[in-house]
$ cat work_19.cif   # mmCIF, N, CA, C and O atoms
data_entry
loop_
_atom_site.label_atom_id
_atom_site.label_comp_id
_atom_site.auth_asym_id
_atom_site.auth_seq_id
_atom_site.Cartn_x
_atom_site.Cartn_y
_atom_site.Cartn_z
N MET A 1 0.83 -1.17 0.00
CA MET A 1 0.00 0.00 0.00
C MET A 1 0.89 1.24 0.00
O MET A 1 1.85 1.31 0.75
N SER A 2 0.56 2.22 -0.80
CA SER A 2 1.38 3.43 -0.83
C SER A 2 0.62 4.59 -0.20
O SER A 2 -0.60 4.64 -0.20
N ALA A 3 1.37 5.53 0.33
CA ALA A 3 0.78 6.70 0.96
C ALA A 3 0.81 7.87 -0.01
O ALA A 3 1.77 8.04 -0.76
N VAL A 4 -0.23 8.66 0.01
CA VAL A 4 -0.29 9.86 -0.82
C VAL A 4 -0.23 11.05 0.11
O VAL A 4 -0.97 11.13 1.08
N GLY A 5 0.66 11.95 -0.16
CA GLY A 5 0.80 13.12 0.70
C GLY A 5 0.56 14.40 -0.07
O GLY A 5 0.68 14.45 -1.29
N THR A 6 0.18 15.42 0.66
CA THR A 6 -0.03 16.74 0.08
C THR A 6 0.78 17.74 0.87
O THR A 6 0.80 17.71 2.09
N VAL A 7 1.47 18.60 0.17
CA VAL A 7 2.22 19.65 0.82
C VAL A 7 1.47 20.95 0.62
O VAL A 7 1.17 21.35 -0.51
N MET A 8 1.11 21.57 1.73
CA MET A 8 0.42 22.86 1.66
C MET A 8 1.25 23.87 2.42
O MET A 8 1.82 23.56 3.46
N ARG A 9 1.33 25.05 1.92
CA ARG A 9 2.05 26.08 2.64
C ARG A 9 1.15 27.31 2.77
O ARG A 9 0.29 27.55 1.94
N PHE A 10 1.39 28.03 3.82
CA PHE A 10 0.61 29.24 4.08
C PHE A 10 1.12 30.35 3.18
O PHE A 10 2.31 30.64 3.11
N VAL A 11 0.22 30.97 2.46
CA VAL A 11 0.56 32.07 1.57
C VAL A 11 -0.33 33.25 1.96
O VAL A 11 -1.55 33.12 1.99
N THR A 12 0.28 34.38 2.26
CA THR A 12 -0.52 35.55 2.62
C THR A 12 -0.91 36.32 1.37
O THR A 12 -0.18 36.36 0.38
N HIS A 13 -2.08 36.89 1.46
CA HIS A 13 -2.64 37.68 0.36
C HIS A 13 -3.11 39.01 0.89
O HIS A 13 -3.29 39.19 2.09
N ARG A 14 -3.36 39.92 -0.01
CA ARG A 14 -4.01 41.18 0.35
C ARG A 14 -5.03 41.49 -0.73
O ARG A 14 -4.91 41.05 -1.87
N ILE A 15 -6.03 42.27 -0.34
CA ILE A 15 -7.05 42.67 -1.29
C ILE A 15 -7.04 44.20 -1.37
O ILE A 15 -6.89 44.88 -0.36
N THR A 16 -7.16 44.70 -2.58
CA THR A 16 -7.13 46.14 -2.79
C THR A 16 -7.97 46.47 -4.02
O THR A 16 -8.32 45.58 -4.79
N ARG A 17 -8.26 47.74 -4.18
CA ARG A 17 -9.00 48.16 -5.38
C ARG A 17 -8.13 47.95 -6.61
O ARG A 17 -6.94 48.26 -6.62
N HIS A 18 -8.71 47.41 -7.64
CA HIS A 18 -7.98 47.18 -8.89
C HIS A 18 -7.51 48.53 -9.42
O HIS A 18 -8.28 49.49 -9.46
N PRO A 19 -6.25 48.63 -9.83
CA PRO A 19 -5.71 49.94 -10.24
C PRO A 19 -6.39 50.53 -11.47
O PRO A 19 -6.33 51.74 -11.68
N ASP A 20 -7.03 49.72 -12.28
CA ASP A 20 -7.70 50.24 -13.48
C ASP A 20 -9.18 50.53 -13.25
O ASP A 20 -9.91 50.83 -14.19
N SER A 21 -9.63 50.45 -11.98
CA SER A 21 -11.04 50.71 -11.70
C SER A 21 -11.19 51.96 -10.85
O SER A 21 -10.22 52.51 -10.34
N GLU A 22 -12.42 52.40 -10.72
CA GLU A 22 -12.70 53.53 -9.84
C GLU A 22 -13.93 53.18 -9.02
O GLU A 22 -14.70 52.28 -9.36
N VAL A 23 -14.10 53.89 -7.93
CA VAL A 23 -15.25 53.67 -7.07
C VAL A 23 -16.49 54.24 -7.76
O VAL A 23 -16.45 55.32 -8.35
N THR A 24 -17.58 53.51 -7.69
CA THR A 24 -18.86 53.98 -8.22
C THR A 24 -19.82 54.16 -7.05
O THR A 24 -19.92 53.30 -6.17
N ALA A 25 -20.51 55.29 -7.02
CA ALA A 25 -21.46 55.58 -5.94
C ALA A 25 -22.87 55.65 -6.52
O ALA A 25 -23.08 56.11 -7.64
N THR A 26 -23.83 55.16 -5.73
CA THR A 26 -25.24 55.34 -6.02
C THR A 26 -25.92 55.74 -4.73
O THR A 26 -25.39 55.50 -3.64
N ALA A 27 -27.09 56.32 -4.83
CA ALA A 27 -27.85 56.69 -3.64
C ALA A 27 -29.32 56.69 -4.00
O ALA A 27 -29.70 56.91 -5.15
N ARG A 28 -30.16 56.41 -2.99
CA ARG A 28 -31.60 56.50 -3.21
C ARG A 28 -32.26 57.03 -1.95
O ARG A 28 -31.81 56.78 -0.83
N CYS A 29 -33.32 57.78 -2.15
CA CYS A 29 -34.07 58.36 -1.05
C CYS A 29 -34.87 57.26 -0.37
O CYS A 29 -35.46 56.41 -1.03
N LEU A 30 -34.87 57.27 0.97
CA LEU A 30 -35.60 56.25 1.71
C LEU A 30 -36.98 56.70 2.16
O LEU A 30 -37.68 55.96 2.87
N ASN A 31 -37.41 57.88 1.73
CA ASN A 31 -38.78 58.29 2.02
C ASN A 31 -39.71 57.29 1.34
O ASN A 31 -39.55 56.99 0.16
N PRO A 32 -40.70 56.74 2.07
CA PRO A 32 -41.54 55.67 1.51
C PRO A 32 -42.26 56.02 0.21
O PRO A 32 -42.53 55.14 -0.60
N ASP A 33 -42.57 57.28 -0.02
CA ASP A 33 -43.32 57.67 -1.22
C ASP A 33 -42.43 58.24 -2.32
O ASP A 33 -42.93 58.79 -3.30
N CYS A 34 -41.12 58.09 -2.18
CA CYS A 34 -40.20 58.74 -3.12
C CYS A 34 -39.40 57.69 -3.90
O CYS A 34 -38.94 56.70 -3.33
N THR A 35 -39.24 57.91 -5.18
CA THR A 35 -38.46 57.00 -6.03
C THR A 35 -37.16 57.65 -6.53
O THR A 35 -36.50 57.11 -7.41
N TRP A 36 -36.80 58.79 -5.93
CA TRP A 36 -35.62 59.53 -6.38
C TRP A 36 -34.35 58.73 -6.11
O TRP A 36 -34.22 58.06 -5.08
N GLU A 37 -33.41 58.79 -7.05
CA GLU A 37 -32.11 58.14 -6.85
C GLU A 37 -31.04 58.80 -7.69
O GLU A 37 -31.32 59.47 -8.67
N VAL A 38 -29.81 58.61 -7.27
CA VAL A 38 -28.64 59.08 -8.01
C VAL A 38 -28.19 57.93 -8.90
O VAL A 38 -28.00 56.81 -8.42
N ALA A 39 -28.02 58.20 -10.17
CA ALA A 39 -27.50 57.19 -11.09
C ALA A 39 -26.06 56.87 -10.73
O ALA A 39 -25.35 57.71 -10.16
N PRO A 40 -25.59 55.66 -11.02
CA PRO A 40 -24.20 55.31 -10.71
C PRO A 40 -23.23 56.34 -11.30
O PRO A 40 -23.35 56.74 -12.46
N THR A 41 -22.30 56.77 -10.45
CA THR A 41 -21.33 57.79 -10.87
C THR A 41 -19.99 57.55 -10.18
O THR A 41 -19.95 57.04 -9.06
N ALA A 42 -18.93 57.93 -10.85
CA ALA A 42 -17.60 57.87 -10.25
C ALA A 42 -17.31 59.11 -9.42
O ALA A 42 -16.34 59.15 -8.66
N ASP A 43 -18.16 60.13 -9.53
CA ASP A 43 -17.99 61.37 -8.79
C ASP A 43 -18.75 61.29 -7.46
O ASP A 43 -19.91 61.70 -7.36
N VAL A 44 -18.10 60.74 -6.45
CA VAL A 44 -18.73 60.51 -5.14
C VAL A 44 -19.19 61.82 -4.51
O VAL A 44 -20.29 61.90 -3.95
N LYS A 45 -18.39 62.86 -4.63
CA LYS A 45 -18.77 64.16 -4.06
C LYS A 45 -20.03 64.71 -4.73
O LYS A 45 -20.91 65.27 -4.07
N GLN A 46 -20.13 64.54 -6.04
CA GLN A 46 -21.32 65.02 -6.75
C GLN A 46 -22.56 64.24 -6.32
O GLN A 46 -23.64 64.81 -6.20
N ALA A 47 -22.42 62.95 -6.06
CA ALA A 47 -23.56 62.16 -5.57
C ALA A 47 -24.04 62.72 -4.23
O ALA A 47 -25.25 62.83 -4.00
N ASP A 48 -23.11 63.09 -3.36
CA ASP A 48 -23.49 63.69 -2.08
C ASP A 48 -24.19 65.03 -2.28
O ASP A 48 -25.18 65.33 -1.62
N VAL A 49 -23.70 65.83 -3.22
CA VAL A 49 -24.32 67.12 -3.52
C VAL A 49 -25.75 66.91 -4.01
O VAL A 49 -26.68 67.63 -3.60
N GLU A 50 -25.96 65.91 -4.86
CA GLU A 50 -27.29 65.63 -5.36
C GLU A 50 -28.23 65.20 -4.24
O GLU A 50 -29.41 65.59 -4.22
N CYS A 51 -27.74 64.41 -3.28
CA CYS A 51 -28.56 64.03 -2.12
C CYS A 51 -28.94 65.27 -1.31
O CYS A 51 -30.10 65.41 -0.89
N MET A 52 -27.99 66.15 -1.09
CA MET A 52 -28.28 67.37 -0.32
C MET A 52 -29.27 68.27 -1.05
O MET A 52 -30.16 68.86 -0.43
N ALA A 53 -29.15 68.35 -2.38
CA ALA A 53 -30.09 69.15 -3.16
C ALA A 53 -31.50 68.55 -3.07
O ALA A 53 -32.49 69.28 -2.92
N HIS A 54 -31.59 67.24 -3.13
CA HIS A 54 -32.90 66.57 -3.00
C HIS A 54 -33.49 66.83 -1.62
O HIS A 54 -34.68 67.13 -1.50
N ALA A 55 -32.65 66.74 -0.60
CA ALA A 55 -33.13 67.00 0.77
C ALA A 55 -33.63 68.43 0.90
O ALA A 55 -34.67 68.68 1.52
N GLY A 56 -32.90 69.37 0.31
CA GLY A 56 -33.31 70.77 0.37
C GLY A 56 -34.62 71.03 -0.36
O GLY A 56 -35.43 71.83 0.08
N ALA A 57 -34.83 70.34 -1.45
CA ALA A 57 -36.03 70.56 -2.25
C ALA A 57 -37.27 69.84 -1.70
O ALA A 57 -38.39 70.29 -1.91
N THR A 58 -37.05 68.72 -0.98
CA THR A 58 -38.19 67.89 -0.58
C THR A 58 -38.35 67.73 0.93
O THR A 58 -39.40 67.31 1.39
N GLY A 59 -37.28 67.99 1.68
CA GLY A 59 -37.30 67.72 3.11
C GLY A 59 -36.97 66.28 3.45
O GLY A 59 -36.92 65.90 4.61
N HIS A 60 -36.74 65.47 2.44
CA HIS A 60 -36.35 64.06 2.66
C HIS A 60 -34.87 64.04 3.05
O HIS A 60 -34.04 64.54 2.30
N GLY A 61 -34.55 63.46 4.18
CA GLY A 61 -33.18 63.55 4.65
C GLY A 61 -32.46 62.24 4.88
O GLY A 61 -31.34 62.23 5.37
N ILE A 62 -33.07 61.12 4.51
CA ILE A 62 -32.42 59.83 4.76
C ILE A 62 -32.24 59.11 3.43
O ILE A 62 -33.19 58.94 2.65
N PHE A 63 -31.01 58.67 3.19
CA PHE A 63 -30.64 58.05 1.91
C PHE A 63 -29.87 56.76 2.15
O PHE A 63 -29.12 56.65 3.12
N ALA A 64 -30.04 55.82 1.27
CA ALA A 64 -29.20 54.62 1.24
C ALA A 64 -28.13 54.89 0.18
O ALA A 64 -28.44 55.20 -0.97
N ARG A 65 -26.88 54.81 0.62
CA ARG A 65 -25.78 55.02 -0.33
C ARG A 65 -25.02 53.70 -0.48
O ARG A 65 -24.85 52.96 0.47
N LYS A 66 -24.55 53.45 -1.70
CA LYS A 66 -23.73 52.27 -1.98
C LYS A 66 -22.48 52.72 -2.72
O LYS A 66 -22.54 53.58 -3.59
N PHE A 67 -21.38 52.13 -2.32
CA PHE A 67 -20.11 52.39 -2.97
C PHE A 67 -19.57 51.05 -3.46
O PHE A 67 -19.53 50.08 -2.70
N GLU A 68 -19.19 51.00 -4.72
CA GLU A 68 -18.74 49.75 -5.31
C GLU A 68 -17.43 49.97 -6.04
O GLU A 68 -17.21 51.00 -6.66
N ASP A 69 -16.56 48.96 -5.94
CA ASP A 69 -15.33 49.01 -6.70
C ASP A 69 -15.00 47.60 -7.18
O ASP A 69 -15.69 46.64 -6.83
N VAL A 70 -13.98 47.50 -8.00
CA VAL A 70 -13.48 46.21 -8.45
C VAL A 70 -12.23 45.92 -7.63
O VAL A 70 -11.33 46.76 -7.54
N ALA A 71 -12.22 44.75 -7.01
CA ALA A 71 -11.09 44.41 -6.14
C ALA A 71 -10.21 43.35 -6.81
O ALA A 71 -10.66 42.59 -7.66
N VAL A 72 -8.97 43.33 -6.38
CA VAL A 72 -8.03 42.33 -6.86
C VAL A 72 -7.31 41.75 -5.63
O VAL A 72 -6.97 42.48 -4.69
N VAL A 73 -7.12 40.44 -5.63
CA VAL A 73 -6.39 39.76 -4.56
C VAL A 73 -5.03 39.35 -5.12
O VAL A 73 -4.96 38.73 -6.19
N VAL A 74 -3.97 39.69 -4.39
CA VAL A 74 -2.62 39.36 -4.82
C VAL A 74 -1.84 38.76 -3.68
O VAL A 74 -2.12 39.03 -2.50
N ARG A 75 -0.88 37.96 -4.00
CA ARG A 75 0.03 37.43 -2.98
C ARG A 75 0.92 38.56 -2.47
O ARG A 75 1.32 39.43 -3.24
N THR A 76 1.24 38.50 -1.19
CA THR A 76 2.09 39.55 -0.62
C THR A 76 3.56 39.17 -0.63
O THR A 76 4.39 39.97 -0.24
N GLU A 77 3.90 38.01 -1.07
CA GLU A 77 5.32 37.63 -1.09
C GLU A 77 5.99 37.98 -2.37
O GLU A 77 5.46 38.19 -3.37
#
$ encode --input "work_19.cif" --output "structure tokens"
Amino acid sequence: MSAVGTVMRFVTHRITRHPDSEVTATARCLNPDCTWEVAPTADVKQADVECMAHAGATGHGIFARKFEDVAVVVRTE
């Protein structure tokens, strides 16, 4: 009978934003009767400005914001 062995070694990794990508922001008003939202944009500050403008115009002050990027995992050695 022969034995089969496996050699495994610990390899450390890190995750970071892919250098060829940018962060995309979206936002939507959480007022129950409102369908207002910010279209996906790479300009995060502008998305915030649009939320503040909507709040000023409607009195709606609560928003769900999402930030998305493309990540890459690489070995650290």
$ resolve_selection --input "work_19.cif" --expression "the PyMOL selection byres ((chain A and resi 13) around 4.5)" --output "PyMOL selection string"
chain A and resi 11-12+14+74-76
$ resolve_selection --input "work_19.cif" --expression "the PyMOL selection byres ((chain A and resi 17-27) around 7)" --output "list in words"
Ile15, Thr16, Arg28, Cys29, Trp36, Glu37, Val38, Ala39, Pro40, Thr41, Ala42, Asp43, Val44, Ala47, Phe63, Ala64, Arg65, Lys66, Phe67, Glu68, Asp69, Val70, Ala71 and Val72 of chain A
$ atom_distance --input "work_19.cif" --atom1 "atom C of A:Leu30" --atom2 "atom C of A:Thr58"
11.2 Å
$ select_by_dssp --input "work_19.cif" --residues "chain A" --states "alpha helix (DSSP H)" --output "PyMOL selection string"
chain A and resi 44-58
$ atom_distance --input "work_19.cif" --atom1 "atom CA of A:Asn31" --atom2 "atom CA of A:Gln46"
20.7 Å
$ atom_distance --input "work_19.cif" --atom1 "atom C of A:Val73" --atom2 "atom N of A:Phe10"
15.8 Å
$ decode --input "work_19.cif" --residues "stretch 39-58 of chain A" --atoms "N, CA and C atoms" --output "PDB file, in the first residue's frame"
ATOM      1  N   ALA A  39     -28.025  58.203 -10.173  1.00  0.00           N
ATOM      2  CA  ALA A  39     -27.505  57.187 -11.095  1.00  0.00           C
ATOM      3  C   ALA A  39     -26.058  56.866 -10.727  1.00  0.00           C
ATOM      4  N   PRO A  40     -25.591  55.657 -11.024  1.00  0.00           N
ATOM      5  CA  PRO A  40     -24.201  55.310 -10.711  1.00  0.00           C
ATOM      6  C   PRO A  40     -23.233  56.337 -11.296  1.00  0.00           C
ATOM      7  N   THR A  41     -22.300  56.775 -10.454  1.00  0.00           N
ATOM      8  CA  THR A  41     -21.328  57.789 -10.868  1.00  0.00           C
ATOM      9  C   THR A  41     -19.993  57.551 -10.178  1.00  0.00           C
ATOM     10  N   ALA A  42     -18.928  57.929 -10.848  1.00  0.00           N
ATOM     11  CA  ALA A  42     -17.598  57.867 -10.246  1.00  0.00           C
ATOM     12  C   ALA A  42     -17.312  59.114  -9.415  1.00  0.00           C
ATOM     13  N   ASP A  43     -18.164  60.127  -9.526  1.00  0.00           N
ATOM     14  CA  ASP A  43     -17.989  61.374  -8.788  1.00  0.00           C
ATOM     15  C   ASP A  43     -18.751  61.295  -7.463  1.00  0.00           C
ATOM     16  N   VAL A  44     -18.099  60.743  -6.450  1.00  0.00           N
ATOM     17  CA  VAL A  44     -18.733  60.508  -5.144  1.00  0.00           C
ATOM     18  C   VAL A  44     -19.193  61.819  -4.513  1.00  0.00           C
ATOM     19  N   LYS A  45     -18.389  62.864  -4.631  1.00  0.00           N
ATOM     20  CA  LYS A  45     -18.775  64.164  -4.060  1.00  0.00           C
ATOM     21  C   LYS A  45     -20.027  64.711  -4.734  1.00  0.00           C
ATOM     22  N   GLN A  46     -20.133  64.540  -6.037  1.00  0.00           N
ATOM     23  CA  GLN A  46     -21.320  65.016  -6.750  1.00  0.00           C
ATOM     24  C   GLN A  46     -22.556  64.238  -6.318  1.00  0.00           C
ATOM     25  N   ALA A  47     -22.420  62.954  -6.063  1.00  0.00           N
ATOM     26  CA  ALA A  47     -23.556  62.162  -5.571  1.00  0.00           C
ATOM     27  C   ALA A  47     -24.041  62.722  -4.233  1.00  0.00           C
ATOM     28  N   ASP A  48     -23.110  63.094  -3.356  1.00  0.00           N
ATOM     29  CA  ASP A  48     -23.488  63.695  -2.080  1.00  0.00           C
ATOM     30  C   ASP A  48     -24.194  65.030  -2.284  1.00  0.00           C
ATOM     31  N   VAL A  49     -23.696  65.832  -3.221  1.00  0.00           N
ATOM     32  CA  VAL A  49     -24.323  67.125  -3.518  1.00  0.00           C
ATOM     33  C   VAL A  49     -25.755  66.913  -4.014  1.00  0.00           C
ATOM     34  N   GLU A  50     -25.955  65.914  -4.860  1.00  0.00           N
ATOM     35  CA  GLU A  50     -27.294  65.630  -5.364  1.00  0.00           C
ATOM     36  C   GLU A  50     -28.234  65.202  -4.235  1.00  0.00           C
ATOM     37  N   CYS A  51     -27.741  64.414  -3.279  1.00  0.00           N
ATOM     38  CA  CYS A  51     -28.558  64.032  -2.122  1.00  0.00           C
ATOM     39  C   CYS A  51     -28.944  65.268  -1.313  1.00  0.00           C
ATOM     40  N   MET A  52     -27.988  66.152  -1.088  1.00  0.00           N
ATOM     41  CA  MET A  52     -28.283  67.366  -0.318  1.00  0.00           C
ATOM     42  C   MET A  52     -29.269  68.266  -1.052  1.00  0.00           C
ATOM     43  N   ALA A  53     -29.147  68.347  -2.380  1.00  0.00           N
ATOM     44  CA  ALA A  53     -30.092  69.150  -3.158  1.00  0.00           C
ATOM     45  C   ALA A  53     -31.498  68.549  -3.065  1.00  0.00           C
ATOM     46  N   HIS A  54     -31.592  67.238  -3.132  1.00  0.00           N
ATOM     47  CA  HIS A  54     -32.896  66.573  -3.003  1.00  0.00           C
ATOM     48  C   HIS A  54     -33.488  66.825  -1.621  1.00  0.00           C
ATOM     49  N   ALA A  55     -32.651  66.736  -0.599  1.00  0.00           N
ATOM     50  CA  ALA A  55     -33.128  67.002   0.773  1.00  0.00           C
ATOM     51  C   ALA A  55     -33.633  68.434   0.898  1.00  0.00           C
ATOM     52  N   GLY A  56     -32.900  69.366   0.306  1.00  0.00           N
ATOM     53  CA  GLY A  56     -33.311  70.767   0.371  1.00  0.00           C
ATOM     54  C   GLY A  56     -34.616  71.029  -0.360  1.00  0.00           C
ATOM     55  N   ALA A  57     -34.831  70.339  -1.453  1.00  0.00           N
ATOM     56  CA  ALA A  57     -36.033  70.556  -2.251  1.00  0.00           C
ATOM     57  C   ALA A  57     -37.268  69.843  -1.699  1.00  0.00           C
ATOM     58  N   THR A  58     -37.050  68.721  -0.983  1.00  0.00           N
ATOM     59  CA  THR A  58     -38.190  67.889  -0.575  1.00  0.00           C
ATOM     60  C   THR A  58     -38.346  67.728   0.935  1.00  0.00           C
TER      61      THR A  58
END
